[in-house]
Structure formats: structure tokens, C-alpha cells
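Novice: Input file: coords_32.cif. Contents: mmCIF, C-alpha atoms.
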```
data_entry
loop_
_atom_site.group_PDB
_atom_site.id
_atom_site.type_symbol
_atom_site.label_atom_id
_atom_site.label_comp_id
_atom_site.auth_asym_id
_atom_site.auth_seq_id
_atom_site.Cartn_x
_atom_site.Cartn_y
_atom_site.Cartn_z
ATOM 1 C CA MET A 1 -106.877 -56.329 -17.483
ATOM 2 C CA PRO A 2 -105.836 -55.110 -13.991
ATOM 3 C CA ALA A 3 -105.374 -51.523 -15.246
ATOM 4 C CA ALA A 4 -108.818 -51.486 -16.908
ATOM 5 C CA LYS A 5 -110.435 -52.950 -13.777
ATOM 6 C CA ARG A 6 -108.714 -50.389 -11.562
ATOM 7 C CA LEU A 7 -109.726 -47.528 -13.854
ATOM 8 C CA LEU A 8 -113.341 -48.724 -13.857
ATOM 9 C CA ASP A 9 -113.381 -49.148 -10.057
ATOM 10 C CA VAL A 10 -111.926 -45.673 -9.470
ATOM 11 C CA ALA A 11 -114.239 -44.000 -12.021
ATOM 12 C CA LEU A 12 -117.377 -45.631 -10.599
ATOM 13 C CA ALA A 13 -116.364 -45.074 -6.972
ATOM 14 C CA GLY A 14 -115.535 -41.406 -7.663
ATOM 15 C CA SER A 15 -118.812 -40.858 -9.514
ATOM 16 C CA GLY A 16 -120.692 -42.591 -6.720
ATOM 17 C CA LEU A 17 -119.117 -40.322 -4.114
ATOM 18 C CA VAL A 18 -120.090 -37.190 -6.027
ATOM 19 C CA VAL A 19 -123.673 -38.345 -6.683
ATOM 20 C CA SER A 20 -124.243 -39.598 -3.130
ATOM 21 C CA ALA A 21 -122.634 -36.613 -1.340
ATOM 22 C CA PRO A 22 -125.964 -34.868 -0.533
ATOM 23 C CA VAL A 23 -127.405 -38.082 0.933
ATOM 24 C CA ALA A 24 -124.189 -38.658 2.894
ATOM 25 C CA LEU A 25 -124.405 -35.174 4.426
ATOM 26 C CA ILE A 26 -128.008 -35.758 5.507
ATOM 27 C CA LEU A 27 -127.128 -39.190 6.918
ATOM 28 C CA ALA A 28 -124.158 -37.749 8.825
ATOM 29 C CA ALA A 29 -126.373 -35.072 10.374
ATOM 30 C CA LEU A 30 -129.013 -37.638 11.381
ATOM 31 C CA ILE A 31 -126.418 -39.905 13.021
ATOM 32 C CA LYS A 32 -124.898 -36.993 14.943
ATOM 33 C CA LEU A 33 -128.284 -35.674 16.055
ATOM 34 C CA GLY A 34 -129.428 -39.179 17.025
ATOM 35 C CA ASP A 35 -127.024 -39.781 19.906
ATOM 36 C CA ARG A 36 -124.200 -37.238 19.596
ATOM 37 C CA GLY A 37 -121.760 -40.138 19.019
ATOM 38 C CA PRO A 38 -119.225 -40.361 16.210
ATOM 39 C CA ILE A 39 -120.567 -40.322 12.649
ATOM 40 C CA PHE A 40 -118.092 -42.852 11.281
ATOM 41 C CA PHE A 41 -116.378 -45.972 12.509
ATOM 42 C CA SER A 42 -113.299 -47.622 11.125
ATOM 43 C CA GLN A 43 -113.213 -51.343 10.433
ATOM 44 C CA GLU A 44 -110.057 -53.240 9.573
ATOM 45 C CA ARG A 45 -110.262 -55.198 6.318
ATOM 46 C CA VAL A 46 -107.830 -57.354 4.403
ATOM 47 C CA GLY A 47 -107.083 -56.734 0.733
ATOM 48 C CA ARG A 48 -104.760 -58.086 -1.914
ATOM 49 C CA ARG A 49 -101.743 -60.051 -0.668
ATOM 50 C CA GLY A 50 -103.141 -59.909 2.867
ATOM 51 C CA ARG A 51 -102.556 -56.156 3.227
ATOM 52 C CA HIS A 52 -104.655 -54.664 6.031
ATOM 53 C CA PHE A 53 -106.490 -51.383 5.484
ATOM 54 C CA ALA A 54 -109.125 -49.348 7.294
ATOM 55 C CA ALA A 55 -112.617 -49.158 5.810
ATOM 56 C CA LEU A 56 -114.446 -46.040 6.967
ATOM 57 C CA LYS A 57 -118.199 -46.576 7.382
ATOM 58 C CA PHE A 58 -121.212 -44.652 8.610
ATOM 59 C CA ARG A 59 -122.023 -45.762 12.145
ATOM 60 C CA SER A 60 -125.410 -47.467 12.369
ATOM 61 C CA MET A 61 -125.047 -48.972 15.851
ATOM 62 C CA VAL A 62 -124.209 -47.760 19.321
ATOM 63 C CA PRO A 63 -120.715 -46.300 19.762
ATOM 64 C CA ASP A 64 -117.983 -48.944 20.346
ATOM 65 C CA ALA A 65 -120.264 -51.808 19.276
ATOM 66 C CA GLU A 66 -117.308 -53.474 17.539
ATOM 67 C CA ALA A 67 -114.795 -53.127 20.377
ATOM 68 C CA SER A 68 -113.122 -56.479 19.567
ATOM 69 C CA PRO A 69 -110.273 -56.178 16.913
ATOM 70 C CA GLY A 70 -110.340 -57.473 13.265
ATOM 71 C CA GLU A 71 -112.892 -59.463 11.237
ATOM 72 C CA ILE A 72 -114.122 -62.723 12.702
ATOM 73 C CA GLU A 73 -116.191 -65.696 11.612
ATOM 74 C CA VAL A 74 -118.566 -67.402 14.026
ATOM 75 C CA ASN A 75 -118.726 -71.135 13.305
ATOM 76 C CA GLY A 76 -121.906 -73.213 13.521
ATOM 77 C CA ASP A 77 -120.857 -74.393 16.983
ATOM 78 C CA GLY A 78 -120.537 -70.781 18.214
ATOM 79 C CA ARG A 79 -116.725 -70.835 18.174
ATOM 80 C CA VAL A 80 -115.103 -67.573 17.001
ATOM 81 C CA GLU A 81 -112.357 -67.829 14.380
ATOM 82 C CA ARG A 82 -110.132 -65.086 12.963
ATOM 83 C CA LEU A 83 -110.992 -64.431 9.323
ATOM 84 C CA GLU A 84 -107.391 -65.113 8.319
ATOM 85 C CA ASP A 85 -107.745 -68.668 9.693
ATOM 86 C CA VAL A 86 -110.809 -69.562 7.595
ATOM 87 C CA PRO A 87 -109.899 -71.980 4.764
ATOM 88 C CA GLY A 88 -109.928 -70.160 1.428
ATOM 89 C CA PHE A 89 -108.923 -66.792 2.867
ATOM 90 C CA GLU A 90 -105.495 -66.761 1.213
ATOM 91 C CA GLY A 91 -106.971 -67.353 -2.240
ATOM 92 C CA ARG A 92 -109.326 -64.442 -1.718
ATOM 93 C CA CYS A 93 -106.333 -62.170 -1.188
ATOM 94 C CA ALA A 94 -105.050 -62.961 -4.689
ATOM 95 C CA VAL A 95 -107.088 -60.174 -6.283
ATOM 96 C CA LEU A 96 -107.640 -56.474 -5.656
ATOM 97 C CA PRO A 97 -110.783 -55.694 -3.684
ATOM 98 C CA GLY A 98 -113.413 -54.186 -5.962
ATOM 99 C CA LEU A 99 -116.806 -52.551 -5.821
ATOM 100 C CA THR A 100 -118.779 -55.793 -5.708
ATOM 101 C CA GLY A 101 -118.272 -59.514 -6.168
ATOM 102 C CA VAL A 102 -119.811 -62.843 -7.099
ATOM 103 C CA ALA A 103 -120.660 -63.618 -3.456
ATOM 104 C CA GLN A 104 -122.405 -60.262 -2.993
ATOM 105 C CA ILE A 105 -124.576 -60.902 -6.062
ATOM 106 C CA TYR A 106 -125.299 -64.631 -5.873
ATOM 107 C CA ALA A 107 -124.898 -65.757 -2.233
ATOM 108 C CA PRO A 108 -127.664 -65.349 0.351
ATOM 109 C CA ARG A 109 -126.847 -62.673 2.953
ATOM 110 C CA ASP A 110 -126.516 -65.056 5.884
ATOM 111 C CA VAL A 111 -124.052 -67.638 4.526
ATOM 112 C CA THR A 112 -120.742 -68.127 6.290
ATOM 113 C CA ARG A 113 -117.524 -66.527 5.043
ATOM 114 C CA ARG A 114 -116.244 -70.047 4.425
ATOM 115 C CA HIS A 115 -119.058 -70.462 1.888
ATOM 116 C CA LYS A 116 -118.555 -66.976 0.416
ATOM 117 C CA PHE A 117 -114.907 -67.812 -0.229
ATOM 118 C CA ARG A 118 -116.137 -70.472 -2.693
ATOM 119 C CA TYR A 119 -117.750 -67.691 -4.709
ATOM 120 C CA ASP A 120 -114.480 -65.756 -4.527
ATOM 121 C CA LYS A 121 -112.685 -68.767 -6.032
ATOM 122 C CA LEU A 122 -115.158 -68.721 -8.930
ATOM 123 C CA TYR A 123 -114.358 -65.071 -9.521
ATOM 124 C CA ILE A 124 -110.602 -65.670 -9.382
ATOM 125 C CA ARG A 125 -110.849 -68.472 -11.959
ATOM 126 C CA ASN A 126 -113.129 -66.507 -14.298
ATOM 127 C CA GLN A 127 -112.135 -62.882 -13.729
ATOM 128 C CA SER A 128 -112.406 -60.585 -16.707
ATOM 129 C CA PHE A 129 -113.328 -57.011 -17.457
ATOM 130 C CA TRP A 130 -116.730 -58.173 -18.765
ATOM 131 C CA LEU A 131 -117.457 -60.189 -15.629
ATOM 132 C CA ASP A 132 -116.747 -57.046 -13.603
ATOM 133 C CA ILE A 133 -119.127 -55.040 -15.804
ATOM 134 C CA ARG A 134 -121.828 -57.706 -15.375
ATOM 135 C CA LEU A 135 -121.409 -57.764 -11.577
ATOM 136 C CA ILE A 136 -121.553 -53.971 -11.359
ATOM 137 C CA LEU A 137 -124.673 -53.777 -13.540
ATOM 138 C CA LEU A 138 -126.333 -56.504 -11.465
ATOM 139 C CA SER A 139 -125.414 -54.569 -8.301
ATOM 140 C CA PHE A 140 -127.171 -51.482 -9.624
ATOM 141 C CA TRP A 141 -130.197 -53.582 -10.609
ATOM 142 C CA ILE A 142 -130.393 -55.244 -7.173
ATOM 143 C CA THR A 143 -130.077 -51.861 -5.476
ATOM 144 C CA PHE A 144 -132.800 -50.407 -7.707
ATOM 145 C CA ARG A 145 -135.106 -53.331 -6.871
ATOM 146 C CA GLY A 146 -134.231 -53.217 -3.159
ATOM 147 C CA THR A 147 -133.548 -56.954 -2.985
ATOM 148 C CA TRP A 148 -130.116 -57.141 -1.298
ATOM 149 C CA GLU A 149 -131.552 -58.668 1.880
ATOM 150 C CA THR A 150 -133.687 -61.358 0.265
ATOM 151 C CA ARG A 151 -132.790 -65.054 0.567
ATOM 152 C CA ALA A 152 -134.426 -65.739 -2.785
ATOM 153 C CA ARG A 153 -132.988 -64.723 -6.150
ATOM 154 C CA LYS A 154 -131.955 -61.048 -5.939
ATOM 155 C CA PHE A 155 -132.425 -60.144 -9.585
#
```
Translate this file's structure into C-alpha cells.

Specialist:
Amino acid sequence: MPAAKRLLDVALAGSGLVVSAPVALILAALIKLGDRGPIFFSQERVGRRGRHFAALKFRSMVPDAEASPGEIEVNGDGRVERLEDVPGFEGRCAVLPGLTGVAQIYAPRDVTRRHKFRYDKLYIRNQSFWLDIRLILLSFWITFRGTWETRARKF
């Protein structure tokens, strides 16, 4: 199962890069022309077995907007907590990061990471190649409908 999942992730990600390359070039030019700042920013993420890696993203905010290091969670009382200290984080690191996930599909956008980790536990308990296919297809459907940001049902 892990080899099939990895092959699917790599094939879809590679295809997505090729198909989206023209849009990415236009977006890069618009960002650069907008304020002459850097086009990309790097954000540290945590993957399988707690391994840290850099995610490269298009910059959509002012330069150095994320000057503080690592991912954080802001609790309901306004207290900042390192992501690694949120209960459920270790379980989330049991699987390879993929293209999408149960939390991305089913959770509202503004729920806490603590709550999203519950969705990750569901995925870990039920992971299969067919669940991955379903999540990817739903991701395409949600993107097509433009409903990622809605609090209601996305699909």
C-alpha cells in the first residue's frame, strides 16, 4: 500500500506541476511586479516520523510576514503553542504527508489543529489506496466548485 500511495502522489504532483506551470509563471511575475519582494517563501513543516522539511510557497503577504520560526497553534485563550506540543501531533507523524487529507476535505477551515488531528487519526485508522483516491477526487471536485473556504459542506 505505501508504494502505491507514493506512486500516486508523485504521479499526480508531477502532472499538476506540468499543467499549472503557465499559471505559476504568471503568478510569479505578478508577485514580483507587485512589490519587488521575493516570489517564494519557505515554511518549515513536519512530516513522517517528525522529520522537518521546507515547504516552498508563493508569497501572498508582505515580505517577512512569518518572521517567527516553525508552525504554531494559537489556543482559545490567545496562548501560542508549538505545533509539536499539541496533543495528537505524534500520531499525525505516523504517515507520509500526501496531497490532501480527511481534515482538508471534511473539517471547516477555521478549526484548531487540535481538532484537525482528530481527522488525521481517522485517516490513520482507515488508510487505504481507495480512501486516498476518494480524497483526491473530492479535492478536485471542491476546487472545481470553489468551495474550499466555506464553513458549510464543501461538496

Novice: List, as a PyMOL selection string, every residue that the PyMOL selection byres ((chain A and resi 83-85) around 12) selects in the file provided.

Specialist: chain A and resi 44-47+49-52+69-75+80-82+86-93+112-114+116-117

Novice: Of the candidates A:Lys121, A:Arg134, A:Arg109, A:His115, which one gets nearest to A:Thr150 if we count all atoms listed in the file?

Specialist: A:Arg109

Novice: Would you mind listing what lies within 12 Å of A:Ala3 as a list in words, with all atoms listed in the file counted and same-chain residues fewer than 6 positions away left out?

Specialist: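 Near A:Ala3, the qualifying residues are Asp9, Val10, Leu96, Ser128 and Phe129 of chain A.
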
Novice: Could you state which residues are captured by the PyMOL selection byres ((chain A and resi 135-138) around 8) in this file, as a list of chain:residue names?

Specialist: A:Leu99, A:Thr100, A:Gly101, A:Val102, A:Ile105, A:Leu131, A:Asp132, A:Ile133, A:Arg134, A:Ser139, A:Phe140, A:Trp141, A:Ile142, A:Phe155

Novice: Determine the nearest neighbour of A:Ala55 from the options A:Lys32, A:Leu25, A:Ser42, A:Ala11, counting all atoms listed in the file.

Specialist: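 Comparing A:Lys32, A:Leu25, A:Ser42, A:Ala11 against A:Ala55, the winner is A:Ser42.
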
Novice: Distance atom CA of A:Ser60-atom CA of A:Arg145, one decimal place?

Specialist: 22.3 Å

Novice: Save stretch 57-120 of chain A from what I just supplied, as an mmCIF file, in the first residue's frame, atoms limited to C-alpha atoms.

Specialist:
```cif
data_model
loop_
_atom_site.group_PDB
_atom_site.id
_atom_site.type_symbol
_atom_site.label_atom_id
_atom_site.label_comp_id
_atom_site.auth_asym_id
_atom_site.auth_seq_id
_atom_site.Cartn_x
_atom_site.Cartn_y
_atom_site.Cartn_z
ATOM 1 C CA LYS A 57 5.143 28.519 -1.323
ATOM 2 C CA PHE A 58 4.181 31.521 -3.410
ATOM 3 C CA ARG A 59 4.306 34.624 -1.231
ATOM 4 C CA SER A 60 0.884 36.217 -0.811
ATOM 5 C CA MET A 61 1.718 38.577 2.062
ATOM 6 C CA VAL A 62 4.262 41.260 2.797
ATOM 7 C CA PRO A 63 7.895 40.106 2.902
ATOM 8 C CA ASP A 64 8.952 38.592 6.276
ATOM 9 C CA ALA A 65 5.347 38.292 7.484
ATOM 10 C CA GLU A 66 6.203 34.955 9.117
ATOM 11 C CA ALA A 67 9.403 36.054 10.861
ATOM 12 C CA SER A 68 8.761 33.794 13.889
ATOM 13 C CA PRO A 69 10.165 30.179 13.438
ATOM 14 C CA GLY A 70 8.119 26.928 12.950
ATOM 15 C CA GLU A 71 4.376 26.166 12.923
ATOM 16 C CA ILE A 72 2.342 27.322 15.892
ATOM 17 C CA GLU A 73 -1.158 26.870 17.253
ATOM 18 C CA VAL A 74 -2.973 29.740 18.941
ATOM 19 C CA ASN A 75 -5.212 28.430 21.726
ATOM 20 C CA GLY A 76 -8.658 29.829 22.525
ATOM 21 C CA ASP A 77 -7.132 31.884 25.342
ATOM 22 C CA GLY A 78 -4.639 33.503 22.929
ATOM 23 C CA ARG A 79 -1.684 31.463 24.208
ATOM 24 C CA VAL A 80 0.768 30.343 21.492
ATOM 25 C CA GLU A 81 1.829 26.690 21.490
ATOM 26 C CA ARG A 82 4.408 24.943 19.304
ATOM 27 C CA LEU A 83 2.705 22.531 16.916
ATOM 28 C CA GLU A 84 4.827 19.672 18.245
ATOM 29 C CA ASP A 85 3.301 20.230 21.711
ATOM 30 C CA VAL A 86 -0.329 19.912 20.563
ATOM 31 C CA PRO A 87 -1.858 16.584 21.690
ATOM 32 C CA GLY A 88 -2.218 14.238 18.724
ATOM 33 C CA PHE A 89 0.769 15.618 16.830
ATOM 34 C CA GLU A 90 2.866 12.466 17.223
ATOM 35 C CA GLY A 91 0.132 10.265 15.764
ATOM 36 C CA ARG A 92 -0.087 12.550 12.760
ATOM 37 C CA CYS A 93 3.586 11.906 12.055
ATOM 38 C CA ALA A 94 2.905 8.177 11.648
ATOM 39 C CA VAL A 95 2.088 8.526 7.951
ATOM 40 C CA LEU A 96 3.716 10.123 4.919
ATOM 41 C CA PRO A 97 2.362 13.562 4.072
ATOM 42 C CA GLY A 98 0.194 13.382 0.965
ATOM 43 C CA LEU A 99 -1.613 15.624 -1.466
ATOM 44 C CA THR A 100 -4.724 16.058 0.666
ATOM 45 C CA GLY A 101 -6.335 14.617 3.772
ATOM 46 C CA VAL A 102 -9.536 13.944 5.674
ATOM 47 C CA ALA A 103 -9.235 17.227 7.603
ATOM 48 C CA GLN A 104 -8.776 19.239 4.400
ATOM 49 C CA ILE A 105 -11.938 17.708 2.916
ATOM 50 C CA TYR A 106 -14.279 17.446 5.902
ATOM 51 C CA ALA A 107 -13.170 19.997 8.536
ATOM 52 C CA PRO A 108 -14.184 23.663 8.388
ATOM 53 C CA ARG A 109 -11.254 25.953 7.510
ATOM 54 C CA ASP A 110 -11.085 27.688 10.879
ATOM 55 C CA VAL A 111 -10.927 24.726 13.284
ATOM 56 C CA THR A 112 -7.912 24.343 15.535
ATOM 57 C CA ARG A 113 -5.054 21.972 14.711
ATOM 58 C CA ARG A 114 -6.017 20.040 17.834
ATOM 59 C CA HIS A 115 -9.376 19.332 16.177
ATOM 60 C CA LYS A 116 -7.804 18.600 12.776
ATOM 61 C CA PHE A 117 -5.588 15.979 14.404
ATOM 62 C CA ARG A 118 -8.784 14.023 15.189
ATOM 63 C CA TYR A 119 -9.425 13.799 11.455
ATOM 64 C CA ASP A 120 -5.830 12.651 10.977
#
```
